[in-house]
Amino acid sequence: MICYEYPPQTPDMSITTSSSTIRQINCCEDTVGRRKRLSVDGTGLFTFPEKNLILHTPNVKPPRPRRIILVRHGQSEGNVDESVYTRVADPNIRLTERGRREAEECGVRIREMIEKDGADDWKVYFYVSPYQRTIETLRGLGKAFDRSRIAGVREEPRVREQDFGNFQDQEQMKIQKAVRVRYGRFFYRFPNGESAADVYDRITGFRETLRTDIDIGRFQPPGEQSPNMNLVIVSHGLALRVFLMRWYKWTVEQFEGLNNMKNGNVLVMQTGQGGRYSLLVHHTQQELIDFGLTPQMLDDQIWQKTAKPGELNYDYLTNGPSFFTHFDDESNGLFS
């Protein structure tokens, strides 16, 4: 199988080789102001240059991005006045003037954080919810970066806001939110909408896509892959908490103890000594306690700082005997 990354020289947009004919197809995905190529081989199957590189060099994997930066959108009209939801569709709600400032300031903080690494070849790659307030946040963040620093942008519907049920009746929504507190924040499903458990299911699909993107090094062309890539996910408060829950295998009880991120703020998952992502590389323990992490969750983040990809923390809550009640305190260890 042969794959060409660059535009062909022949007028008919194809290249004939001794083994096959390969057509060149424009790939509009993952690009900012430049064109890349996606090829089709003689069997009609799509081939990606970066995946081809991995398949033919099995002992070499592209470096993991240094960070996964989670950004909650800036202050929106709905954050200020919940009655907006009764007349404006949730996906169309925009940022306030304050929210636009928060987005721009957040972009500057992200750039300064990355620049402290001292690397010359750093870049950022964005995943963004298709809602108007997250798109506007993305544009505000982007003002902090030169074009050459932006590796790409992908609109990702799976990281959208929890669906609360189309146009919302303000009084009914107050009642529903009160019922959700009694029923449980994770499992309560809004009428004609979603529960956090529903969001978990679609975030799981996104996580698998993200893991694949990381494994094949989709963010940079072959030969240009650097560990100084930074992924930025621009999304919503609940969706980001569910993403962390799914990534770190937190329980429902642990999820329900988390606090929402402030508008225009970030949580940073950064590679530690062994290459795994930990919240404790960038954040302090107190910051994570304020976010809602328990002592057991903090212990796991300490482990994540030095562990290697593929290793398992056998002492962590969900891998130990903590779900059982018939063990004595000694055998149950720290999970008694």
# chains A, B, ... in the order shown; residues from 1 in each chain; ligands from 1
>>> closest_atom_pairs(of="segment 64-102 of chain A", to="segment 125-142 of chain A", cutoff="7 Å", atoms="only C-alpha atoms", output="Markdown table")
| residue | atom | partner | partner_atom | distance |
| --- | --- | --- | --- | --- |
| A:His73 | CA | A:Thr134 | CA | 5.3 |
| A:Gly74 | CA | A:Thr137 | CA | 6.1 |
| A:Ser76 | CA | A:Arg133 | CA | 6.5 |
| A:Pro91 | CA | A:Tyr131 | CA | 4.5 |
| A:Asn92 | CA | A:Gln132 | CA | 5.2 |
| A:Ile93 | CA | A:Gln132 | CA | 6.1 |
| A:Arg94 | CA | A:Arg133 | CA | 4.7 |
| A:Leu95 | CA | A:Arg133 | CA | 5.3 |
| A:Arg100 | CA | A:Gly140 | CA | 6.3 |
>>> select_by_dssp(residues="segment 131-313 of chain A", states="alpha helix (DSSP H)", output="MDAnalysis selection string")
chainID A and resid 132:142 170:183 196:216 237:248 252:256 285:291 295:306
>>> closest_residue(among="A:Asp121, A:Val232, A:Ile110, A:Lys116", to="Arg154 of chain A", atoms="only C-alpha atoms")
A:Val232
>>> closest_residue(among="A:Asn192, A:Gln168, A:Gln301, A:Thr204", to="Gln285 of chain A", atoms="only C-alpha atoms")
A:Gln301
>>> atom_distance(atom1="atom CA of Pro65 of chain A", atom2="atom CA of Met229 of chain A")
4.6 Å
>>> atom_distance(atom1="atom CA of Gln170 of chain A", atom2="atom CA of Asp201 of chain A")
27.5 Å
>>> residues_around(residues="Arg111 of chain A", least_positions_apart="6", cutoff="12 Å", atoms="only C-alpha atoms", output="PDB file with N, CA and C atoms, in the first residue's frame")
ATOM      1  N   ILE A  69      -5.829  19.882  27.990  1.00  0.00           N
ATOM      2  CA  ILE A  69      -6.298  21.046  28.745  1.00  0.00           C
ATOM      3  C   ILE A  69      -7.812  21.158  28.578  1.00  0.00           C
ATOM      4  N   GLU A 104     -10.621  35.215  26.221  1.00  0.00           N
ATOM      5  CA  GLU A 104      -9.352  35.775  25.757  1.00  0.00           C
ATOM      6  C   GLU A 104      -8.286  35.673  26.842  1.00  0.00           C
ATOM      7  N   GLU A 105      -8.666  35.954  28.084  1.00  0.00           N
ATOM      8  CA  GLU A 105      -7.713  35.868  29.188  1.00  0.00           C
ATOM      9  C   GLU A 105      -7.275  34.418  29.409  1.00  0.00           C
ATOM     10  N   ASP A 117       7.526  25.907  29.249  1.00  0.00           N
ATOM     11  CA  ASP A 117       8.259  24.670  28.967  1.00  0.00           C
ATOM     12  C   ASP A 117       9.606  24.965  28.318  1.00  0.00           C
ATOM     13  N   GLY A 118       9.702  26.097  27.632  1.00  0.00           N
ATOM     14  CA  GLY A 118      10.947  26.466  26.965  1.00  0.00           C
ATOM     15  C   GLY A 118      11.174  25.782  25.633  1.00  0.00           C
ATOM     16  N   TRP A 122       6.360  23.972  20.086  1.00  0.00           N
ATOM     17  CA  TRP A 122       5.064  23.655  20.680  1.00  0.00           C
ATOM     18  C   TRP A 122       3.911  24.096  19.777  1.00  0.00           C
ATOM     19  N   LYS A 123       2.799  23.364  19.890  1.00  0.00           N
ATOM     20  CA  LYS A 123       1.579  23.687  19.156  1.00  0.00           C
ATOM     21  C   LYS A 123       0.364  23.332  20.010  1.00  0.00           C
ATOM     22  N   VAL A 124      -0.789  23.816  19.570  1.00  0.00           N
ATOM     23  CA  VAL A 124      -2.053  23.479  20.226  1.00  0.00           C
ATOM     24  C   VAL A 124      -3.013  22.902  19.183  1.00  0.00           C
ATOM     25  N   LEU A 141     -10.031  32.155  22.782  1.00  0.00           N
ATOM     26  CA  LEU A 141      -8.775  31.486  23.112  1.00  0.00           C
ATOM     27  C   LEU A 141      -7.768  31.657  21.982  1.00  0.00           C
ATOM     28  N   GLY A 142      -8.247  31.508  20.750  1.00  0.00           N
ATOM     29  CA  GLY A 142      -7.363  31.519  19.592  1.00  0.00           C
ATOM     30  C   GLY A 142      -6.620  32.817  19.392  1.00  0.00           C
ATOM     31  N   LYS A 143      -7.146  33.906  19.937  1.00  0.00           N
ATOM     32  CA  LYS A 143      -6.480  35.203  19.777  1.00  0.00           C
ATOM     33  C   LYS A 143      -5.105  35.225  20.431  1.00  0.00           C
ATOM     34  N   ALA A 144      -4.848  34.304  21.331  1.00  0.00           N
ATOM     35  CA  ALA A 144      -3.558  34.273  22.028  1.00  0.00           C
ATOM     36  C   ALA A 144      -2.479  33.555  21.224  1.00  0.00           C
ATOM     37  N   PHE A 145      -2.854  32.931  20.090  1.00  0.00           N
ATOM     38  CA  PHE A 145      -1.910  32.081  19.371  1.00  0.00           C
ATOM     39  C   PHE A 145      -1.712  32.541  17.931  1.00  0.00           C
ATOM     40  N   ASP A 146      -0.466  32.521  17.485  1.00  0.00           N
ATOM     41  CA  ASP A 146      -0.176  32.742  16.074  1.00  0.00           C
ATOM     42  C   ASP A 146      -0.689  31.561  15.263  1.00  0.00           C
ATOM     43  N   ARG A 149       1.114  28.252  15.418  1.00  0.00           N
ATOM     44  CA  ARG A 149       1.037  27.467  16.653  1.00  0.00           C
ATOM     45  C   ARG A 149      -0.213  26.588  16.717  1.00  0.00           C
ATOM     46  N   ILE A 150      -1.187  26.821  15.832  1.00  0.00           N
ATOM     47  CA  ILE A 150      -2.438  26.073  15.875  1.00  0.00           C
ATOM     48  C   ILE A 150      -2.351  24.917  14.891  1.00  0.00           C
ATOM     49  N   ASN A 230      -0.089  20.207  22.565  1.00  0.00           N
ATOM     50  CA  ASN A 230      -1.023  20.410  23.670  1.00  0.00           C
ATOM     51  C   ASN A 230      -2.445  20.349  23.129  1.00  0.00           C
ATOM     52  N   VAL A 232      -6.478  20.883  23.555  1.00  0.00           N
ATOM     53  CA  VAL A 232      -7.392  21.740  24.304  1.00  0.00           C
ATOM     54  C   VAL A 232      -8.819  21.323  23.967  1.00  0.00           C
TER      55      VAL A 232
END
>>> closest_residue(among="A:Lys305, A:Arg180, A:Arg87, A:Arg158", to="His282 of chain A", atoms="only C-alpha atoms")
A:Lys305
>>> select_by_dssp(residues="segment 123-158 of chain A", states="strand (DSSP E)", output="ChimeraX atom specification")
/A:123-128,150-155
>>> residues_around(residues="Glu194 of chain A", least_positions_apart="2", cutoff="10 Å", atoms="only C-alpha atoms", output="PyMOL selection string")
chain A and resi 161-165+187-192+196-199
>>> atom_distance(atom1="atom CA of Gly275 of chain A", atom2="atom CA of Lys262 of chain A")
28.2 Å
